[in-house]
There are 6 protein chains.
Amino acid sequence: MFYTDGKLQFAVRVETPDPLFARALQQAIGGVEGEIRVAMQYFFQACGARGNPKFRDLLMNTAAEELGHIEMLATAVALNLEGAPVSIKDEIVADPVASAVLGGLNMKNLLSAGLSAMPVDSDGVPFDMSHIYASGNIAADMTANVAAESTGRVLAVRLFNLTNDPGMKEMLSYLIARDTMHQNQWLAALEELGGPTGVFPIPNSFPQEQELQEFSYAYLGFQADGSAPVPGRWSEGPSVDGKGAYTTQSLEPMGEKPILGPAKPDSGAQTEQL
Amino acid sequence: MFYTDGKLQFAVRVETPDPLFARALQQAIGGVEGEIRVAMQYFFQACGARGNPKFRDLLMNTAAEELGHIEMLATAVALNLEGAPVSIKDEIVADPVASAVLGGLNMKNLLSAGLSAMPVDSDGVPFDMSHIYASGNIAADMTANVAAESTGRVLAVRLFNLTNDPGMKEMLSYLIARDTMHQNQWLAALEELGGPTGVFPIPNSFPQEQELQEFSYAYLGFQADGSAPVPGRWSEGPSVDGKGAYTTQSLEPMGEKPILGPAKPDSGAQTEQL
Amino acid sequence: MFYTDGKLQFAVRVETPDPLFARALQQAIGGVEGEIRVAMQYFFQACGARGNPKFRDLLMNTAAEELGHIEMLATAVALNLEGAPVSIKDEIVADPVASAVLGGLNMKNLLSAGLSAMPVDSDGVPFDMSHIYASGNIAADMTANVAAESTGRVLAVRLFNLTNDPGMKEMLSYLIARDTMHQNQWLAALEELGGPTGVFPIPNSFPQEQELQEFSYAYLGFQADGSAPVPGRWSEGPSVDGKGAYTTQSLEPMGEKPILGPAKPDSGAQTEQL
Amino acid sequence: MFYTDGKLQFAVRVETPDPLFARALQQAIGGVEGEIRVAMQYFFQACGARGNPKFRDLLMNTAAEELGHIEMLATAVALNLEGAPVSIKDEIVADPVASAVLGGLNMKNLLSAGLSAMPVDSDGVPFDMSHIYASGNIAADMTANVAAESTGRVLAVRLFNLTNDPGMKEMLSYLIARDTMHQNQWLAALEELGGPTGVFPIPNSFPQEQELQEFSYAYLGFQADGSAPVPGRWSEGPSVDGKGAYTTQSLEPMGEKPILGPAKPDSGAQTEQL
Amino acid sequence: MFYTDGKLQFAVRVETPDPLFARALQQAIGGVEGEIRVAMQYFFQACGARGNPKFRDLLMNTAAEELGHIEMLATAVALNLEGAPVSIKDEIVADPVASAVLGGLNMKNLLSAGLSAMPVDSDGVPFDMSHIYASGNIAADMTANVAAESTGRVLAVRLFNLTNDPGMKEMLSYLIARDTMHQNQWLAALEELGGPTGVFPIPNSFPQEQELQEFSYAYLGFQADGSAPVPGRWSEGPSVDGKGAYTTQSLEPMGEKPILGPAKPDSGAQTEQL
Amino acid sequence: MFYTDGKLQFAVRVETPDPLFARALQQAIGGVEGEIRVAMQYFFQACGARGNPKFRDLLMNTAAEELGHIEMLATAVALNLEGAPVSIKDEIVADPVASAVLGGLNMKNLLSAGLSAMPVDSDGVPFDMSHIYASGNIAADMTANVAAESTGRVLAVRLFNLTNDPGMKEMLSYLIARDTMHQNQWLAALEELGGPTGVFPIPNSFPQEQELQEFSYAYLGFQADGSAPVPGRWSEGPSVDGKGAYTTQSLEPMGEKPILGPAKPDSGAQTEQL
């Protein structure tokens, strides 16, 4: 269960409200690489973590921290929106800067939320909880978490570069640091689970002799002139999981054109298909 | 651009049509860990790949292969749906097995698609392209691809365990092998990009002296009794990115309760908030 | 069933087309507090209204009125969009006001709808019919309707404040009046159903002796320093439903840490979880 | 910010795992009347609460409690899913009960989440954060909260009636009690804000003389035979907000058929429309 | 504006309630080929119909009829759901038929709507208003309407085949007849707009000399062995729009591999991309 | 299966990067009338095409071409986004043109994708695969394809009118030509299937004597003054399908007000409904 004391994990200061930056910050709240995503992803992974309970503990504690990040960002959005117009005066209509401000907003921040944050991205699209990856496989979950924190830190860096406000830069320098830790944290969990050769291929509980192994380490590509695709670490040498060696093969059909046959009567098809 | 010869990458055989398994297979087409996702993800990553063009080449070739996997699975769904009823006879209504079959379908496979595959998951929810992660950062993209192929192989293994049909088991043993390769392929790409210490923290182009470094390698947790959270690889020792050492700190507020102040007149608030 | 004579419930005049205001008006059509929502909500509530048929009658009649409001607003959007550019001339590219107009549009109003209204909100997000609350409990439905009309009137007031156009202000003064009525109408229905002490807790058909009554009127909160949360009408005195008295309790766990145990073999988990 | 100690707010016991009931419980997690919705709704309302800070405090504390409810329900789902099949044996295929179990699941709980809970509803549809109503008007927010808890308690009662498991019934009797409190809590907040005559019409900061008051308390209806719609509390007597008296009027057009005129050249219309 | 008298356009009788058929009927309400779609599509097309007002009239009248069809179907769903269980008795748990009924439902029809219809499809997915095609081009709209009524009638026929209930068969035979008319109605509108040679290519207001005409009537295909794709009416002879003659060409690249160049500094890319 | 050589079907040149036009182009990628839609629609129709295999061939080949169109447009978006700012300098904040550019972007193209294309529309809304119409009826599919290409060409023409860049105009003149062909191609397929009198009403496999034929060719409308709706080709003369003659009838109820009766005990209704 969760507790709150209503305080912020880190100070949120806005010196010069900037409604357009409020819109950008929304991506860090409700974007697919934002804080709702990581908070809820770690939460549901924790709730489904079977096996060693230390992973549940790790995940749930980090979920709690991420909830606090949503709160910080939502506060930052509200403070930046203080600069947005709520009523139109004639001079604003004629002022291209003011028009650009109004046109550049997520209008819903104004019309639906009254100058407050919403669980939407920077274009006003609501967050969809299908982005919560919680697979029941603890290692697969960790790869999803590394990916989430990698894209999350990319986003935070882009936001850092889009503002000159000292308060906002300070808040983001904190969040970027936390993303550094969280990338490292989930990478550490993968090490604790055995590192690349112990973890991969995920799931490691499936007996590899049941897969069609001649295709397990083959890079497939096609070039119209018959040449091989551009080589790389993925086309030769030992595989990262330590269980095979990369080869390159041409992408070619091993099956025929599929034939479904005629449609059933009463299936709503045209007569010509029956 | 893309070409097709209408053939299948691997043979698709169904000995005993099983409409319930058709529903399960839909997850591998339109689920968030399914083939539309990887095909389109690699496609869009390729289209946005700046820097060394070998990554565009790698990504676009693999996108082409994944399109062929959708085609295989869609054929498998249609063949399994041959066993579904399209008209109700009295005997079916009274037959619990037949009722269970009809009730257990994605009804849209029958009602909307006429016993064919759809771009939906195993509960009939359409695929939403917001799951296409293409960040413009090639390393972040690779972590997303490792995650996608990890959950993808978990799914393929679960499907393998849910069928007894020899044709379906063979097709899945091929797809599982390809997922093994693709996990290894994207891990190899991360090695080519510098390996853990070269790649992380992502993006590696942000100068770490601009982040609040006292929090960059600190695990934060809270226990009501004041004890530390359960330790692990993530709470001590050198960080995986090679740039710090893990510590543990208590999760504590560094900010105050936020005060937004009164609402603006004309902002649609209650009088009591002004 | 429904009839139309093609006329508008109230006159729609636009003196100065304003494409940015057209975008704002889209929120009143396709936003979650907009007219599609109330029209369809009352419609589906009517279709599922069991018990006294007067509620079906009330709901379906109001659904018909709300359909007419969508029509008014869609007309207003189309008239305001007459001011938007459909082709780019060189002078427009260099003109910040014109650029701001084009950038401030829902582009789909131009590209998809040819300067007409769409069932989307002010940021171009399509309306999702999951917002139609029709619970099968007539009192719960009425609370949802009060909420819908409350947020609806807040929105209409915000739109009123964002325009100087006399025609638009007149149309909105009509819609605001209708929202006043509809708030009062659904409150009146709650009174007809018994008022606060007759209606609540919803559903009133569940025997309260089957709920864990020691928690039925207790406000739960947590403060790090052990102090009580800020008191209010909700923490002392008789409950609004007339069936208890408010108390305050500290939020504390009554359950243990959950243990799910090991994962099943064949479930796609890592070996370490089995 | 938020803290967790990993414990449950209330004990979660399942005596006889029932995968079909796990599916039903998903509605209380990810349904529009479920716990994610209230947790996030109170959270975002708190983050945007301008005016008296006691409401922020009240909302954030209740958000914390609701997060704990998601955790309880997610645990209950995982425990109930222990009864689901993860591999198909021949005997299961021929067994109508086992087939019905598999066909009756949200398949994603099995295929995507490995027998764990997901942020989806009882039909596998992901929760969409557009259902978080946080309007910036504290009274409108409270009406949305009463509605959420009313539909939430209706749902909890339906779940209570769909299970015979003593552990599940006990957990639900606790959650039903909390819904009773939360309905009363938000009703109490509306009283603190002035009660019906002080609060309504929402927003009370808009001067009613600017609305078209002849329509502010009129019930509009249409009957083909010219008779009045069925009367009720909403068609006569003083209005609930204390500012008017209900009347009944016939629904009639006050506007003409709208004429948009010809389409613009270059707008992509047919020549016949120009 | 719209009026209702609360009556049904056609009688809705259910002799034997069938909850599974209720689920199937939901597709005709909230599926992409269902009645909400056509009602709202014709409504928004009417609201944006520029040019000859007879099309607005035609569209709005048909929208009104389709609203009545939703009402019929919603009534049919509620009547069929009368057969669904709302509480679990021990005997039901052990009864495969009863279990199959419960597992085969859209659970939300029971849990969220209390045995009533919802604006969702047969798998419980809410209707999404992005399916309302209203392009501002009257001819393009008519093609979308022909498509909607074609898939709509296919669906109605499939439903007709899935029920033995005389009342349901009668209702569907009426709806199928209306779909016959509506297909013919929109085809008639296309004739009124000029027929194939007058209408196509849509939009007919774009001067065809500005398109790259050597590709305007060429069928492009690819076969690995260099043979031509299978011929048909689309590969030779005069084009249906009367403005060209079909040819067949091989699908070949006319552009090079795209080179985006390095990423910008400060854009959040990896150093290796700069 | 699919192959790629990484080249573009047609050259993509951008002389003057225009970030606002990049946003507009997104509609042609991820809009409902865009290229993802047609590529995936033809792909899934091909996978479910029962009957004569020439239609599978036709559809799959055209799907391959459309994939190449997404690639062209994604390249065009990335090249146009080269003109967008990635960091804020003081001078930009004060510059209305620069502010308008930033505010006019899909922010996600910058924040999520690093100046690359995404599978979203021009307002940043992700493409939803429910727009893939593949009905299992080959003629219904063809009508959907005509509609898709008609709205697609309308969009391409609007984009053509919104740019002055010679490279973009050339690329669009090619895509417009292809849309001309594809409209004609699907119309040709309908002719091959029998033309209007052979194809309609779709599905032509349903015996029309089982529909209520007195309503199969009747146009229904309502006018408050009792007059007939405006006549047209749809109200008199032979029907386009050659199987009837149009008539006009008044829209009138043939059913009564529906009565659902009381709610069930234990169904979560209010006591007043039981």
# chains A, B, ... in the order shown; residues from 1 in each chain; ligands from 1
>>> interface_residues(of="chain B", to="chain A", cutoff="6 Å", atoms="only C-alpha atoms", output="PyMOL selection string")
chain B and resi 6-11+61+86+140+143-144+147+150-151+154+173-174+177-178+180-181+184-185+188+201-203+211-212+215-217+221+233-234+240+253-257+267
>>> select_by_dssp(residues="range 8-138 of chain A", states="helix (DSSP H, G or I)", output="MDAnalysis selection string")
chainID A and resid 19:30 35:47 53:81 90:93 96:104 107:111 129:131 138
>>> residues_around(residues="Phe44 in chain A", least_positions_apart="2", cutoff="8 Å", atoms="only C-alpha atoms", output="ChimeraX atom specification")
/A:40-42,46-48,132,134 /D:74,117-119
>>> write_last_selection(atoms="N, CA and C atoms", output="CSV table (one decimal), in the first residue's frame")
chain,number,residue,atom,x,y,z
A,40,MET,N,3.4,3.0,-13.4
A,40,MET,CA,2.4,1.9,-13.4
A,40,MET,C,3.1,0.6,-13.9
A,41,GLN,N,4.1,0.7,-14.8
A,41,GLN,CA,4.8,-0.5,-15.2
A,41,GLN,C,5.5,-1.2,-14.1
A,42,TYR,N,6.2,-0.5,-13.3
A,42,TYR,CA,6.9,-1.1,-12.1
A,42,TYR,C,5.9,-1.7,-11.1
A,46,ALA,N,5.6,-5.5,-10.2
A,46,ALA,CA,5.7,-5.9,-8.8
A,46,ALA,C,4.5,-6.9,-8.4
A,47,CYS,N,3.3,-6.5,-8.8
A,47,CYS,CA,2.2,-7.2,-8.4
A,47,CYS,C,2.2,-8.6,-9.0
A,48,GLY,N,2.9,-8.8,-10.1
A,48,GLY,CA,2.9,-10.2,-10.7
A,48,GLY,C,4.3,-10.9,-10.6
A,132,ILE,N,1.8,-0.5,-20.4
A,132,ILE,CA,2.4,-1.1,-19.2
A,132,ILE,C,2.8,-2.6,-19.5
A,134,ALA,N,4.2,-5.9,-18.5
A,134,ALA,CA,4.5,-6.7,-17.3
A,134,ALA,C,4.2,-8.1,-17.7
D,74,ALA,N,-5.0,-6.6,-7.8
D,74,ALA,CA,-4.0,-7.3,-8.6
D,74,ALA,C,-3.5,-8.6,-8.0
D,117,ALA,N,-2.1,-9.9,-13.1
D,117,ALA,CA,-3.1,-8.8,-13.4
D,117,ALA,C,-2.5,-7.8,-14.5
D,118,MET,N,-3.4,-7.1,-15.1
D,118,MET,CA,-3.1,-6.1,-16.1
D,118,MET,C,-3.9,-4.9,-16.0
D,119,PRO,N,-3.5,-3.8,-16.5
D,119,PRO,CA,-4.4,-2.6,-16.4
D,119,PRO,C,-5.4,-2.6,-17.5
>>> atom_distance(atom1="CA of Thr16 in chain C", atom2="CA of Met129 in chain E")
29.3 Å
>>> residues_around(residues="Gln27 in chain D", least_positions_apart="4", cutoff="7 Å", atoms="only C-alpha atoms", output="count of residues only")
4
>>> decode(residues="range 232-271 of chain C", atoms="N, CA and C atoms", output="tab-separated table (two decimals), in the first residue's frame")
chain	number	residue	atom	x	y	z
C	232	GLY	N	-12.25	18.21	7.97
C	232	GLY	CA	-13.28	18.87	7.16
C	232	GLY	C	-14.61	18.21	7.44
C	233	ARG	N	-15.59	18.60	6.68
C	233	ARG	CA	-16.94	18.04	6.83
C	233	ARG	C	-16.90	16.51	6.73
C	234	TRP	N	-15.87	15.99	6.07
C	234	TRP	CA	-15.75	14.55	5.82
C	234	TRP	C	-15.10	13.78	6.96
C	235	SER	N	-14.73	14.46	8.02
C	235	SER	CA	-13.99	13.75	9.08
C	235	SER	C	-14.73	13.75	10.42
C	236	GLU	N	-15.85	14.41	10.47
C	236	GLU	CA	-16.63	14.41	11.72
C	236	GLU	C	-18.07	14.81	11.43
C	237	GLY	N	-18.96	14.42	12.35
C	237	GLY	CA	-20.37	14.74	12.15
C	237	GLY	C	-21.08	13.63	11.41
C	238	PRO	N	-22.39	13.79	11.25
C	238	PRO	CA	-23.19	12.74	10.59
C	238	PRO	C	-22.85	12.66	9.10
C	239	SER	N	-22.91	11.45	8.59
C	239	SER	CA	-22.63	11.29	7.16
C	239	SER	C	-23.78	11.85	6.33
C	240	VAL	N	-23.48	12.22	5.11
C	240	VAL	CA	-24.50	12.83	4.25
C	240	VAL	C	-25.61	11.84	3.94
C	241	ASP	N	-25.30	10.57	3.88
C	241	ASP	CA	-26.34	9.58	3.59
C	241	ASP	C	-27.22	9.28	4.80
C	242	GLY	N	-26.88	9.88	5.95
C	242	GLY	CA	-27.72	9.73	7.13
C	242	GLY	C	-27.60	8.39	7.83
C	243	LYS	N	-26.62	7.60	7.43
C	243	LYS	CA	-26.54	6.24	7.97
C	243	LYS	C	-25.31	6.01	8.82
C	244	GLY	N	-24.54	7.04	9.15
C	244	GLY	CA	-23.35	6.84	9.96
C	244	GLY	C	-22.79	8.16	10.41
C	245	ALA	N	-21.62	8.11	11.03
C	245	ALA	CA	-20.95	9.32	11.47
C	245	ALA	C	-19.49	9.22	11.04
C	246	TYR	N	-18.97	10.32	10.54
C	246	TYR	CA	-17.59	10.34	10.05
C	246	TYR	C	-16.59	10.20	11.20
C	247	THR	N	-15.53	9.45	10.98
C	247	THR	CA	-14.39	9.42	11.89
C	247	THR	C	-13.12	9.55	11.05
C	248	THR	N	-11.99	9.73	11.75
C	248	THR	CA	-10.71	9.75	11.05
C	248	THR	C	-9.84	8.62	11.60
C	249	GLN	N	-9.21	7.90	10.72
C	249	GLN	CA	-8.28	6.85	11.13
C	249	GLN	C	-6.99	6.99	10.34
C	250	SER	N	-5.95	6.45	10.89
C	250	SER	CA	-4.68	6.46	10.18
C	250	SER	C	-4.68	5.33	9.15
C	251	LEU	N	-4.08	5.61	8.01
C	251	LEU	CA	-3.99	4.62	6.93
C	251	LEU	C	-2.91	3.60	7.30
C	252	GLU	N	-3.30	2.39	7.60
C	252	GLU	CA	-2.32	1.39	8.02
C	252	GLU	C	-2.61	0.04	7.40
C	253	PRO	N	-1.55	-0.74	7.16
C	253	PRO	CA	-1.76	-2.04	6.52
C	253	PRO	C	-2.42	-3.04	7.46
C	254	MET	N	-3.41	-3.73	6.97
C	254	MET	CA	-4.03	-4.83	7.71
C	254	MET	C	-3.67	-6.16	7.08
C	255	GLY	N	-3.00	-6.10	5.94
C	255	GLY	CA	-2.54	-7.34	5.30
C	255	GLY	C	-1.03	-7.39	5.29
C	256	GLU	N	-0.51	-8.54	4.90
C	256	GLU	CA	0.95	-8.73	4.85
C	256	GLU	C	1.46	-8.45	3.43
C	257	LYS	N	2.77	-8.58	3.28
C	257	LYS	CA	3.31	-8.57	1.93
C	257	LYS	C	2.78	-9.79	1.19
C	258	PRO	N	2.25	-9.61	0.01
C	258	PRO	CA	1.70	-10.77	-0.71
C	258	PRO	C	2.82	-11.65	-1.27
C	259	ILE	N	2.61	-12.94	-1.20
C	259	ILE	CA	3.56	-13.92	-1.75
C	259	ILE	C	2.82	-14.74	-2.80
C	260	LEU	N	3.22	-14.60	-4.06
C	260	LEU	CA	2.56	-15.38	-5.11
C	260	LEU	C	3.17	-16.77	-5.27
C	261	GLY	N	4.37	-16.98	-4.74
C	261	GLY	CA	5.03	-18.28	-4.91
C	261	GLY	C	5.69	-18.39	-6.26
C	262	PRO	N	6.24	-19.56	-6.57
C	262	PRO	CA	6.98	-19.73	-7.82
C	262	PRO	C	6.05	-19.73	-9.03
C	263	ALA	N	6.62	-19.43	-10.17
C	263	ALA	CA	5.88	-19.51	-11.42
C	263	ALA	C	5.71	-20.97	-11.83
C	264	LYS	N	4.69	-21.25	-12.62
C	264	LYS	CA	4.47	-22.60	-13.13
C	264	LYS	C	5.47	-22.93	-14.23
C	265	PRO	N	5.92	-24.19	-14.27
C	265	PRO	CA	6.64	-24.61	-15.48
C	265	PRO	C	5.75	-24.39	-16.70
C	266	ASP	N	6.34	-24.19	-17.82
C	266	ASP	CA	5.60	-23.98	-19.08
C	266	ASP	C	4.87	-22.65	-19.13
C	267	SER	N	5.14	-21.77	-18.16
C	267	SER	CA	4.40	-20.50	-18.17
C	267	SER	C	5.21	-19.38	-18.79
C	268	GLY	N	6.36	-19.69	-19.36
C	268	GLY	CA	7.14	-18.66	-20.04
C	268	GLY	C	7.95	-17.79	-19.09
C	269	ALA	N	8.10	-18.20	-17.84
C	269	ALA	CA	8.89	-17.43	-16.88
C	269	ALA	C	10.36	-17.79	-17.03
C	270	GLN	N	11.24	-17.03	-16.37
C	270	GLN	CA	12.65	-17.42	-16.32
C	270	GLN	C	12.80	-18.62	-15.38
C	271	THR	N	13.81	-19.42	-15.63
C	271	THR	CA	14.10	-20.57	-14.77
C	271	THR	C	14.22	-20.15	-13.31
